[in-house]
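Colleague: Contents are CSV, C-alpha atoms; file name query.csv:
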chain,number,residue,atom,x,y,z
A,712,MET,CA,4.9,9.5,30.4
A,713,LEU,CA,7.6,9.8,27.8
A,714,PRO,CA,11.2,9.1,28.9
A,715,LEU,CA,12.7,12.0,30.9
A,716,THR,CA,16.5,12.5,31.0
A,717,ALA,CA,18.4,14.1,33.9
A,718,SER,CA,19.3,17.0,31.7
A,719,GLN,CA,15.6,17.7,30.9
A,720,GLN,CA,14.8,17.5,34.6
A,721,ARG,CA,17.5,20.0,35.4
A,722,ARG,CA,16.3,22.4,32.8
A,723,ASP,CA,12.8,22.2,34.2
A,724,VAL,CA,14.1,23.1,37.7
A,725,ALA,CA,16.0,26.0,36.2
A,726,LEU,CA,12.9,27.2,34.4
A,727,ALA,CA,10.9,27.1,37.6
A,728,ALA,CA,13.5,29.1,39.4
A,729,VAL,CA,13.7,31.7,36.6
A,730,LEU,CA,9.9,32.0,36.4
A,731,PHE,CA,9.7,32.4,40.2
A,732,VAL,CA,12.2,35.3,40.2
A,733,GLY,CA,10.5,36.8,37.1
A,734,ALA,CA,7.1,36.6,38.7
A,735,LEU,CA,8.3,38.4,41.8
A,736,ILE,CA,9.9,41.2,39.7
A,737,SER,CA,6.7,41.4,37.6
A,738,ALA,CA,4.5,41.6,40.7
A,739,THR,CA,6.7,44.3,42.3
A,740,LEU,CA,6.7,46.5,39.2
A,741,SER,CA,3.0,45.9,38.6
A,742,SER,CA,2.2,46.9,42.1
A,743,VAL,CA,4.3,50.0,41.9
A,744,SER,CA,2.7,51.0,38.6
A,745,GLY,CA,-0.8,50.4,39.9
A,746,ILE,CA,-1.9,47.9,37.3
A,747,TYR,CA,-5.3,47.5,39.0
A,748,GLY,CA,-5.4,51.0,40.4
A,749,VAL,CA,-4.0,52.4,43.6
A,750,GLY,CA,-4.9,50.2,46.6
A,751,GLU,CA,-7.1,47.8,44.6
A,752,ASP,CA,-4.7,44.8,44.4
A,753,ALA,CA,-4.3,42.0,46.8
A,754,GLY,CA,-0.9,43.1,48.0
A,755,MET,CA,2.7,41.8,47.8
A,756,LEU,CA,2.3,38.9,50.3
A,757,SER,CA,-0.3,37.4,48.1
A,758,ALA,CA,1.9,38.0,45.0
A,759,VAL,CA,4.8,36.1,46.7
A,760,VAL,CA,2.6,33.1,47.5
A,761,TYR,CA,1.1,33.2,44.0
A,762,SER,CA,4.6,33.3,42.4
A,763,PHE,CA,5.6,30.3,44.4
A,764,VAL,CA,2.5,28.3,43.5
A,765,LEU,CA,2.9,29.4,39.9
A,766,ALA,CA,6.6,28.5,39.5
A,767,VAL,CA,7.3,25.4,41.6
A,768,PRO,CA,5.0,23.0,39.6
A,769,LEU,CA,6.9,23.8,36.5
A,770,ALA,CA,9.9,21.8,37.9
A,771,PHE,CA,7.6,18.7,37.4
A,772,ARG,CA,5.9,19.8,34.2
A,773,ARG,CA,7.1,16.8,32.1
A,774,ARG,CA,6.6,14.2,34.8
A,775,PHE,CA,3.0,15.2,35.5
A,776,PRO,CA,1.9,17.5,32.6
A,777,GLY,CA,-1.9,17.3,33.2
A,778,ILE,CA,-1.7,17.9,37.0
A,779,VAL,CA,0.8,20.8,36.6
A,780,ALA,CA,-1.4,22.4,33.9
A,781,ILE,CA,-4.5,22.3,36.2
A,782,VAL,CA,-2.6,23.7,39.2
A,783,VAL,CA,-1.1,26.6,37.2
A,784,ALA,CA,-4.4,27.4,35.5
A,785,THR,CA,-6.3,27.4,38.8
A,786,ALA,CA,-3.7,29.6,40.4
A,787,TYR,CA,-3.9,32.0,37.4
A,788,PHE,CA,-7.7,32.2,37.6
A,789,VAL,CA,-7.6,32.9,41.3
A,790,ALA,CA,-4.9,35.5,41.0
A,791,VAL,CA,-6.7,37.5,38.3
A,792,THR,CA,-10.0,37.2,40.2
A,793,ILE,CA,-8.6,38.6,43.5
A,794,ARG,CA,-6.4,41.1,41.6
A,795,ILE,CA,-3.0,39.9,42.6
A,796,PRO,CA,-0.7,42.4,40.8
A,797,GLU,CA,0.9,40.0,38.4
A,798,VAL,CA,-0.3,38.8,35.0
A,799,TYR,CA,2.7,38.5,32.7
A,800,ALA,CA,4.6,35.6,34.3
A,801,GLY,CA,1.2,33.8,34.8
A,802,SER,CA,0.5,34.1,31.1
A,803,ILE,CA,3.9,32.6,30.3
A,804,ALA,CA,3.4,29.8,32.8
A,805,MET,CA,-0.1,29.0,31.3
A,806,PHE,CA,1.4,28.8,27.8
A,807,ILE,CA,4.2,26.5,28.9
A,808,THR,CA,1.9,24.1,30.8
A,809,ILE,CA,-0.6,23.8,28.0
A,810,TYR,CA,2.2,23.3,25.5
A,811,THR,CA,3.7,20.6,27.8
A,812,VAL,CA,0.5,18.7,28.1
A,813,GLY,CA,0.3,18.4,24.3
A,814,ALA,CA,4.0,17.6,23.9
A,815,TRP,CA,4.7,15.2,26.7
A,816,SER,CA,1.4,13.5,27.8
A,817,THR,CA,1.2,9.9,26.4
A,818,ASP,CA,-2.5,9.6,27.2
A,819,ARG,CA,-3.7,11.6,24.2
A,820,ARG,CA,-7.3,11.5,25.1
A,821,ARG,CA,-6.6,12.9,28.6
A,822,ALA,CA,-4.2,15.5,27.1
A,823,HIS,CA,-6.9,16.7,24.7
A,824,TRP,CA,-9.6,17.1,27.4
A,825,VAL,CA,-7.3,18.7,29.9
A,826,ARG,CA,-6.4,21.4,27.4
A,827,ILE,CA,-9.9,21.8,26.2
A,828,GLY,CA,-11.1,22.2,29.8
A,829,ILE,CA,-8.6,24.8,30.6
A,830,ILE,CA,-9.2,26.8,27.4
A,831,THR,CA,-12.9,26.6,27.8
A,832,GLY,CA,-12.7,27.7,31.4
A,833,MET,CA,-10.6,30.6,30.4
A,834,PHE,CA,-13.0,31.8,27.7
A,835,VAL,CA,-16.0,31.4,30.0
A,836,TRP,CA,-14.3,33.5,32.6
A,837,LEU,CA,-13.2,36.0,30.0
A,838,LEU,CA,-16.7,36.4,28.5
A,839,THR,CA,-18.2,36.6,32.0
A,840,VAL,CA,-15.9,39.4,32.9
A,841,MET,CA,-16.6,41.2,29.6
A,842,PHE,CA,-20.3,40.9,30.2
A,843,ILE,CA,-20.1,42.3,33.7
A,844,ASP,CA,-17.9,45.1,32.5
A,845,ALA,CA,-20.2,45.8,29.5
A,846,THR,CA,-23.3,46.0,31.7
A,847,GLN,CA,-21.8,48.3,34.3
A,848,PRO,CA,-23.2,51.9,34.1
A,849,THR,CA,-19.9,53.7,33.9
A,850,ASP,CA,-18.2,56.1,31.6
A,851,GLU,CA,-14.6,55.1,32.6
A,852,GLY,CA,-12.3,53.4,30.2
A,853,PHE,CA,-12.9,53.1,26.4
A,854,SER,CA,-15.7,54.9,24.8
A,855,ARG,CA,-18.7,52.8,23.9
A,856,ALA,CA,-20.3,55.2,21.4
A,857,GLY,CA,-21.0,53.8,17.9
A,858,ALA,CA,-21.6,50.4,16.4
A,859,PHE,CA,-17.8,49.7,16.3
A,860,SER,CA,-16.7,51.7,19.3
A,861,PRO,CA,-13.2,51.6,20.8
A,862,TYR,CA,-14.7,49.4,23.6
A,863,VAL,CA,-15.9,46.8,21.0
A,864,ALA,CA,-12.6,46.9,19.2
A,865,TYR,CA,-10.8,46.3,22.5
A,866,THR,CA,-13.1,43.4,23.3
A,867,PHE,CA,-12.4,41.8,19.9
A,868,LEU,CA,-8.7,42.3,20.3
A,869,THR,CA,-8.8,40.6,23.7
A,870,LEU,CA,-10.6,37.6,22.3
A,871,LEU,CA,-8.3,37.4,19.3
A,872,ILE,CA,-5.1,37.6,21.5
A,873,ASN,CA,-6.5,34.9,23.8
A,874,GLY,CA,-7.5,32.7,20.8
A,875,LEU,CA,-4.0,33.0,19.3
A,876,PHE,CA,-2.4,32.4,22.7
A,877,PHE,CA,-4.3,29.2,23.6
A,878,GLY,CA,-4.5,28.0,20.0
A,879,GLY,CA,-0.7,28.4,19.6
A,880,ALA,CA,0.0,26.5,22.8
A,881,TYR,CA,-2.3,23.7,21.7
A,882,TYR,CA,-0.9,23.5,18.1
A,883,PHE,CA,2.8,23.7,19.1
A,884,GLY,CA,2.3,21.0,21.7
A,885,GLU,CA,0.7,18.7,19.2
A,886,ARG,CA,3.5,19.3,16.7
A,887,THR,CA,6.2,18.7,19.2
A,888,TYR,CA,4.6,15.4,20.3
A,889,ALA,CA,4.3,14.3,16.6
A,890,ALA,CA,7.9,15.2,16.0
A,891,MET,CA,9.1,13.2,19.0
A,892,GLN,CA,7.1,10.2,17.9
A,893,GLN,CA,8.6,10.4,14.4
A,894,ARG,CA,12.1,10.7,15.9
A,895,ARG,CA,11.5,7.7,18.1
A,896,VAL,CA,10.3,5.7,15.1
A,897,LEU,CA,13.3,6.7,13.1
A,898,GLU,CA,15.6,5.7,16.0
A,899,GLU,CA,13.9,2.3,16.3
A,900,ARG,CA,14.2,1.8,12.5
A,901,THR,CA,17.9,2.9,12.6
A,902,ALA,CA,18.6,0.4,15.4
A,903,GLU,CA,16.7,-2.3,13.5
A,904,LEU,CA,18.7,-1.5,10.3
A,905,GLU,CA,21.9,-1.7,12.3
A,906,ARG,CA,21.0,-5.1,13.6
A,907,GLU,CA,20.0,-6.2,10.1
A,908,ARG,CA,23.3,-4.8,8.8
A,909,GLU,CA,25.3,-6.8,11.4
A,910,LEU,CA,23.3,-9.9,10.6
A,911,THR,CA,23.8,-9.4,6.9
A,912,ALA,CA,27.5,-8.9,7.4
A,913,ALA,CA,27.6,-12.2,9.4
A,914,GLN,CA,25.7,-14.0,6.7
A,915,ALA,CA,28.0,-12.6,4.0
A,916,VAL,CA,31.0,-13.9,6.0
A,917,ALA,CA,29.3,-17.3,6.3
A,918,LEU,CA,28.6,-17.5,2.6
A,919,GLU,CA,32.1,-16.5,1.8
A,920,ARG,CA,33.4,-19.3,4.0
A,921,VAL,CA,31.2,-21.7,2.2
A,922,ARG,CA,32.6,-20.4,-1.1
A,923,ILE,CA,36.1,-20.8,0.2
A,924,ALA,CA,35.3,-24.3,1.4
A,925,ARG,CA,34.1,-25.2,-2.1
A,926,GLU,CA,37.2,-23.8,-3.7
A,927,LEU,CA,39.4,-25.8,-1.2
A,928,HIS,CA,37.5,-28.9,-2.1
A,929,ASP,CA,38.1,-28.3,-5.8
A,930,VAL,CA,41.8,-27.7,-5.2
A,931,VAL,CA,42.4,-30.6,-2.9
A,932,ALA,CA,40.1,-33.2,-4.5
A,933,HIS,CA,41.1,-32.4,-8.1
A,934,HIS,CA,44.8,-31.5,-8.0
A,935,VAL,CA,45.9,-33.9,-5.3
A,936,SER,CA,44.1,-36.8,-6.7
A,937,LEU,CA,45.4,-36.1,-10.1
A,938,MET,CA,49.0,-35.8,-8.8
A,939,GLY,CA,48.5,-39.2,-7.1
A,940,VAL,CA,47.4,-40.9,-10.3
A,941,GLN,CA,50.2,-39.2,-12.3
A,942,ALA,CA,52.9,-40.1,-9.7
A,943,GLY,CA,51.7,-43.7,-9.7
A,944,ALA,CA,51.9,-43.9,-13.5
A,945,ALA,CA,55.3,-42.4,-13.6
A,946,ARG,CA,56.6,-44.9,-11.0
A,947,THR,CA,55.1,-47.7,-13.1
A,948,ILE,CA,56.7,-46.7,-16.4
A,949,MET,CA,60.0,-45.2,-15.1
A,950,ALA,CA,62.1,-48.3,-15.9
A,951,GLN,CA,60.6,-49.0,-19.3
A,952,ASP,CA,60.1,-45.5,-20.6
A,953,PRO,CA,62.1,-42.8,-18.7
A,954,ASP,CA,61.1,-40.1,-21.1
A,955,ALA,CA,57.4,-40.7,-20.6
A,956,ALA,CA,57.9,-41.0,-16.9
A,957,SER,CA,59.7,-37.6,-17.0
A,958,ALA,CA,56.9,-36.0,-18.9
A,959,THR,CA,54.4,-37.5,-16.4
A,960,LEU,CA,56.4,-36.1,-13.4
A,961,ALA,CA,56.5,-32.7,-15.2
A,962,ALA,CA,52.7,-32.8,-15.3
A,963,VAL,CA,52.7,-33.6,-11.6
A,964,GLU,CA,54.9,-30.6,-11.0
A,965,GLY,CA,52.5,-28.4,-13.0
A,966,SER,CA,49.6,-29.7,-11.0
A,967,ALA,CA,51.4,-29.0,-7.8
A,968,ARG,CA,52.2,-25.5,-8.9
A,969,SER,CA,48.6,-24.9,-9.9
A,970,ALA,CA,47.4,-26.2,-6.6
A,971,LEU,CA,49.8,-24.0,-4.7
A,972,ALA,CA,48.8,-20.9,-6.7
A,973,GLU,CA,45.2,-21.5,-6.0
A,974,LEU,CA,45.8,-22.1,-2.3
A,975,ARG,CA,47.9,-18.9,-2.2
A,976,HIS,CA,45.0,-17.0,-3.8
A,977,LEU,CA,42.6,-18.3,-1.1
A,978,LEU,CA,45.0,-17.4,1.7
A,979,GLU,CA,45.4,-13.9,0.4
A,980,ALA,CA,41.6,-13.5,0.3
A,981,LEU,CA,41.5,-14.6,3.9
A,982,ARG,CA,44.2,-12.3,5.0
A,983,THR,CA,42.7,-9.2,3.3
A,984,SER,CA,39.3,-9.8,4.8
A,985,PRO,CA,38.2,-7.2,7.4
A,986,GLU,CA,37.1,-9.9,9.7
A,987,THR,CA,38.3,-13.5,10.2
A,988,PRO,CA,35.5,-15.2,12.1
A,989,ASP,CA,36.4,-18.2,14.1
A,990,THR,CA,32.9,-19.5,14.8
A,991,ALA,CA,30.4,-21.4,12.8
A,992,PRO,CA,28.1,-19.6,10.3
A,993,THR,CA,25.5,-17.4,12.0
A,994,THR,CA,22.9,-17.7,9.3
A,995,LEU,CA,19.4,-18.6,10.5
A,996,GLY,CA,17.5,-21.2,8.4
A,997,LEU,CA,14.7,-23.7,8.7
A,998,GLU,CA,16.7,-25.8,11.2
A,999,ALA,CA,16.3,-22.8,13.6
A,1000,LEU,CA,12.5,-22.8,13.5
A,1001,PRO,CA,12.2,-25.1,16.6
A,1002,GLY,CA,14.3,-22.6,18.6
A,1003,LEU,CA,12.1,-19.8,17.3
A,1004,VAL,CA,9.0,-21.7,18.4
A,1005,ALA,CA,10.5,-22.3,21.9
A,1006,GLU,CA,11.3,-18.6,22.1
A,1007,ALA,CA,7.7,-17.7,21.3
A,1008,GLU,CA,6.4,-20.2,24.0
A,1009,GLY,CA,8.8,-18.6,26.4
A,1010,ALA,CA,7.3,-15.2,25.7
A,1011,GLY,CA,3.9,-16.5,26.6
A,1012,LEU,CA,2.5,-17.6,23.2
A,1013,PRO,CA,1.7,-21.4,23.2
A,1014,THR,CA,3.0,-22.6,19.8
A,1015,GLU,CA,3.0,-25.9,18.1
A,1016,PHE,CA,5.5,-26.8,15.3
A,1017,ARG,CA,5.0,-29.6,12.7
A,1018,ILE,CA,6.8,-30.7,9.6
A,1019,VAL,CA,4.8,-32.2,6.8
A,1020,GLY,CA,6.5,-34.1,4.1
A,1021,GLU,CA,10.1,-35.2,3.6
A,1022,PRO,CA,12.6,-32.4,4.2
A,1023,GLY,CA,14.9,-31.7,1.4
A,1024,VAL,CA,17.5,-29.3,0.1
A,1025,VAL,CA,16.3,-25.6,0.3
A,1026,PRO,CA,18.6,-22.7,-0.8
A,1027,GLU,CA,20.1,-20.9,2.1
A,1028,THR,CA,18.7,-17.5,1.2
A,1029,VAL,CA,15.3,-19.0,0.9
A,1030,GLN,CA,15.7,-20.5,4.4
A,1031,VAL,CA,16.7,-17.2,5.9
A,1032,ASN,CA,13.7,-15.5,4.3
A,1033,LEU,CA,11.3,-18.2,5.6
A,1034,TYR,CA,12.8,-17.9,9.1
A,1035,ARG,CA,12.4,-14.1,9.1
A,1036,ILE,CA,8.8,-14.4,7.9
A,1037,ALA,CA,8.0,-16.9,10.7
A,1038,GLN,CA,9.7,-14.6,13.2
A,1039,GLU,CA,7.6,-11.6,12.1
A,1040,ALA,CA,4.4,-13.6,12.1
A,1041,LEU,CA,4.9,-15.0,15.6
A,1042,THR,CA,5.9,-11.5,16.8
A,1043,ASN,CA,2.6,-10.1,15.4
A,1044,ALA,CA,0.7,-13.0,17.0
A,1045,ARG,CA,2.2,-12.1,20.4
A,1046,ARG,CA,1.5,-8.4,19.9
A,1047,HIS,CA,-2.0,-8.5,18.6
A,1048,GLY,CA,-3.5,-11.9,19.4
A,1049,GLY,CA,-4.2,-11.2,23.1
A,1050,THR,CA,-3.5,-13.1,26.3
A,1051,ASN,CA,-5.2,-16.3,25.2
A,1052,ALA,CA,-3.8,-16.5,21.7
A,1053,ARG,CA,-2.2,-19.7,20.4
A,1054,ALA,CA,-0.1,-20.3,17.3
A,1055,ASP,CA,0.5,-23.2,14.9
A,1056,VAL,CA,3.6,-23.3,12.7
A,1057,ARG,CA,3.6,-25.8,9.9
A,1058,LEU,CA,6.4,-26.5,7.4
A,1059,ARG,CA,5.3,-28.4,4.4
A,1060,TYR,CA,7.7,-30.0,1.8
A,1061,ALA,CA,6.4,-30.7,-1.6
A,1062,ASP,CA,8.3,-32.0,-4.7
A,1063,ASP,CA,8.9,-28.6,-6.2
A,1064,SER,CA,8.1,-26.2,-3.4
A,1065,VAL,CA,8.2,-25.5,0.4
A,1066,GLU,CA,5.3,-23.9,2.2
A,1067,LEU,CA,5.4,-22.2,5.6
A,1068,GLU,CA,2.2,-21.5,7.4
A,1069,ILE,CA,1.8,-19.6,10.7
A,1070,ALA,CA,-1.8,-19.4,12.1
A,1071,ASN,CA,-2.8,-17.9,15.4
A,1072,THR,CA,-6.0,-17.6,17.4
A,1073,GLY,CA,-7.0,-14.5,19.4
A,1074,ARG,CA,-8.6,-11.2,18.7
A,1075,ALA,CA,-10.3,-10.7,15.4
A,1076,VAL,CA,-8.5,-8.5,12.8
A,1077,ARG,CA,-11.1,-6.7,10.8
A,1078,ASP,CA,-9.0,-4.2,8.9
A,1079,PRO,CA,-5.3,-5.3,8.8
A,1080,LYS,CA,-3.1,-2.4,8.2
A,1081,PRO,CA,-0.2,-2.8,5.7
A,1082,GLY,CA,2.6,-2.1,8.2
A,1083,MET,CA,6.3,-2.4,7.8
A,1084,GLY,CA,6.3,-6.0,9.0
A,1085,ASN,CA,3.7,-7.1,6.4
A,1086,ILE,CA,5.6,-5.3,3.7
A,1087,GLY,CA,8.8,-7.0,4.8
A,1088,MET,CA,7.2,-10.4,4.6
A,1089,ARG,CA,5.9,-9.7,1.1
A,1090,GLU,CA,9.3,-8.5,0.0
A,1091,ARG,CA,11.1,-11.6,1.4
A,1092,ALA,CA,8.6,-13.9,-0.3
A,1093,ALA,CA,9.1,-12.1,-3.6
A,1094,ALA,CA,12.9,-12.2,-3.2
A,1095,SER,CA,12.6,-16.0,-2.9
A,1096,GLY,CA,10.5,-16.3,-6.0
A,1097,GLY,CA,7.3,-17.1,-4.1
A,1098,SER,CA,4.1,-15.6,-2.8
A,1099,VAL,CA,2.6,-14.9,0.6
A,1100,GLU,CA,-1.0,-14.7,1.9
A,1101,LEU,CA,-1.8,-12.4,4.9
A,1102,LEU,CA,-5.4,-13.1,5.9
A,1103,PRO,CA,-7.5,-12.4,9.0
A,1104,ARG,CA,-9.3,-15.6,10.2
A,1105,SER,CA,-13.0,-15.6,10.6
A,1106,SER,CA,-12.8,-17.2,14.0
A,1107,GLY,CA,-10.3,-14.7,15.2
A,1108,GLY,CA,-6.5,-14.3,14.8
A,1109,PHE,CA,-4.4,-14.2,11.6
A,1110,LEU,CA,-3.0,-16.5,9.0
A,1111,VAL,CA,0.4,-16.1,7.2
A,1112,ARG,CA,1.1,-18.6,4.4
A,1113,VAL,CA,4.1,-18.4,2.2
A,1114,ARG,CA,5.0,-20.7,-0.7
A,1115,VAL,CA,8.4,-20.6,-2.5
A,1116,PRO,CA,10.0,-22.9,-5.0
A,1117,ARG,CA,12.5,-25.4,-3.5
A,1118,GLN,CA,15.0,-24.8,-6.3
A,1119,ALA,CA,14.7,-21.0,-6.4
A,1120,ALA,CA,17.8,-19.5,-8.0
A,1121,PRO,CA,20.0,-18.3,-5.2
A,1122,ALA,CA,22.9,-15.8,-5.4
A,1123,ALA,CA,26.2,-17.1,-6.7
A,1124,GLY,CA,27.6,-17.4,-3.2
A,1125,ASP,CA,24.7,-19.5,-2.1
A,1126,ARG,CA,25.2,-22.4,-4.4
A,1127,VAL,CA,26.9,-25.1,-2.4
A,1128,GLU,CA,28.1,-28.3,-4.0
A,1129,ALA,CA,27.5,-31.5,-2.3
A,1130,GLY,CA,31.2,-32.1,-1.5
A,1131,ALA,CA,32.0,-28.7,-0.2
Could the structure of this file be written out as structure tokens, please?

Modeller:
Amino acid sequence: MLPLTASQQRRDVALAAVLFVGALISATLSSVSGIYGVGEDAGMLSAVVYSFVLAVPLAFRRRFPGIVAIVVATAYFVAVTIRIPEVYAGSIAMFITIYTVGAWSTDRRRAHWVRIGIITGMFVWLLTVMFIDATQPTDEGFSRAGAFSPYVAYTFLTLLINGLFFGGAYYFGERTYAAMQQRRVLEERTAELERERELTAAQAVALERVRIARELHDVVAHHVSLMGVQAGAARTIMAQDPDAASATLAAVEGSARSALAELRHLLEALRTSPETPDTAPTTLGLEALPGLVAEAEGAGLPTEFRIVGEPGVVPETVQVNLYRIAQEALTNARRHGGTNARADVRLRYADDSVELEIANTGRAVRDPKPGMGNIGMRERAAASGGSVELLPRSSGGFLVRVRVPRQAAPAAGDRVEAGA
């Protein structure tokens, strides 16, 4: 069952109440007008009971769409068979319930067969009534004279109206369900994009802090050390060559002013930033893989993590991409591997590249579909200057292997000097 809000439940209750009142009014007017002929209907007491049975289930139509449709259809068949003087509210209720089964039932196989059963039953009943009416020796009603008599025309019109009626209910139910599914997918993608945006913003702040740290290193290490050397030289030659010492002190003053100007620039950059984080960088890299493996194990996927080779320097953006690929691969393993699936994560360091391999056991994947996750892994590998293999394993499960250069050219903000 799809999620049901309190507002939708209130609207269903209101619909049931309106239809109950409408059915009573329709039954009263139909009885007075003699819809089945004078004295041939089942009476108003039966009409009141029928209106109640017809309307009350609609208050629960989205909670139990299949059951409500069967109850309403059965009540409608019985009412028409015993000639209860009401057909219009019943037709509306039938349309609503058939539509609701298509729009709200999550078991699509059951939804299909419930609607097919009701529609088939209605047409079998309709053809039976037509056959009985056609074989009765009476001259009442439409004339039956001619190959395309008024009676034949009326019969075709009845079949056409019922076909459009039930076909429309089926079609619009399917379209509504598809639209709701698309909207749900869009909402999930929007939420995912929002989370990615927040993470990207955090990573951007972290990279900016790294850049500022590098700039501070340059200012302090270069200018302060230079001023120290110059001040020492000035002190040494001050007695012998006051002019040279003065020039040296002037150079110290220039270096101090340059350092202060650069520090002021960095402070202005910090003060104009929309956020001034006071925590450590939140970027996720290769050092976070053990935590990711532990998270996968906690979610019920036994996972082993191994590092092959001597770890070395890997650009930060490459680390983030490798982490995200491992995250997606382990998520897919938990989702599609089955209850007995296991996973193996290997991180291999070579002289000029780094390779991440995630293999899992479980159900065989015969025809892997290029979903958004696989596309994302390919894009992340390409963005890091590498390649990725997404292969079903012959023994069951799946294999993800990505290989990227260790010295892939990162963005300008990602280059961190050793002393920063």

Colleague: From the list A:Gln914, A:Thr866, A:Gln720, A:Thr785, which residue is nearest Gly832 in chain A when using only C-alpha atoms?

Modeller: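 Between A:Gln914, A:Thr866, A:Gln720, A:Thr785, the residue approaching Gly832 in chain A most closely is A:Thr785.
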
Colleague: Around the point (2.7, 29.5, 43.0), in the coordinates given by the file, pick out the residues reaching within 10 Å, counting all atoms listed in the file, and return them as a list in words.

Modeller: Phe731, Ala734, Ser757, Ala758, Val759, Val760, Tyr761, Ser762, Phe763, Val764, Leu765, Ala766, Val767, Pro768, Leu769, Val782, Val783, Ala786, Tyr787, Ala790 and Gly801 of chain A

Colleague: With distances taken over all atoms listed in the file, which residue among A:Ala814, A:Ala913, A:Ala1075, A:Val729 lies nearest Ala890 in chain A?

Modeller: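 Selected residue with least distance to Ala890 in chain A: A:Ala814.
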
Colleague: Looking at all atoms listed in the file, which of A:Leu726, A:Ala1094, A:Arg1053, A:Ala1007 is the one that sits closest to Ala1037 in chain A?

Modeller: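 Closest candidate: A:Ala1007.
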
Colleague: Which value, in Å to one decimal, gives the distance between CA of Ile778 in chain A and CA of Arg895 in chain A?

Modeller: 25.2 Å

Colleague: Identify the residues around (-1.5, 10.8, 23.6) within a radius of 12 Å, measuring from only C-alpha atoms in the coordinates stated by the file, and give them as a list in words.

Modeller: Met712, Leu713, Pro776, Gly777, Thr811, Val812, Gly813, Ala814, Trp815, Ser816, Thr817, Asp818, Arg819, Arg820, Arg821, Ala822, His823, Trp824, Val825, Gly884, Glu885, Thr887, Tyr888, Ala889, Met891 and Gln892 of chain A

Colleague: Of the candidates A:Asn1032, A:Ser741, A:Thr792, A:Gln893, which one gets nearest to Thr839 in chain A if we count all atoms listed in the file?

Modeller: A:Thr792

Colleague: Using only C-alpha atoms, find the one residue out of A:Leu1000, A:Val1056, A:Ala727, A:Leu910 that sits nearest to Glu1015 in chain A.

Modeller: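 So, comparing all the options, the nearest one is A:Val1056.
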
Colleague: Would you work out the distance separating CA of Pro1001 in chain A from CA of Arg1104 in chain A, expressed in Å to one decimal?

Modeller: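 Separation between CA of Pro1001 in chain A and CA of Arg1104 in chain A: 24.4 Å.
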
Colleague: Pick out the residues sitting within 10 Å of Ile809 in chain A, and hand them over as a list in words; count only C-alpha atoms, and ignore anything fewer than 5 positions along from it in its own chain.

Modeller: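 Counting only C-alpha atoms, the residues come to Arg772, Pro776, Gly777, Val779, Ala780, Ile781, Val783, Ala784, Ala804, Ala814, Ala822, Val825, Arg826, Ile827, Ile829, Ile830, Phe877, Gly878, Gly879, Ala880, Tyr881, Tyr882, Phe883 and Gly884 of chain A.
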
Colleague: Could you state the separation of CA of Leu1102 in chain A and CA of Asn1071 in chain A in Å, given to one decimal place?

Modeller: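 These two atoms are separated by 11.0 Å.
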
Colleague: Near range 1086-1090 of chain A, within 12 Å and counting only C-alpha atoms, which residues show up once chain neighbours fewer than 2 positions away are dropped, as a ChimeraX atom specification?

Modeller: /A:1031-1040,1043,1067,1080-1084,1092-1101,1111-1115

Colleague: Quick one: of A:Leu997, A:Leu1012, A:Met833, A:Val789, who's nearest to Arg1057 in chain A, counting only C-alpha atoms?

Modeller: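 Distance minimum relative to Arg1057 in chain A lands on A:Leu997.
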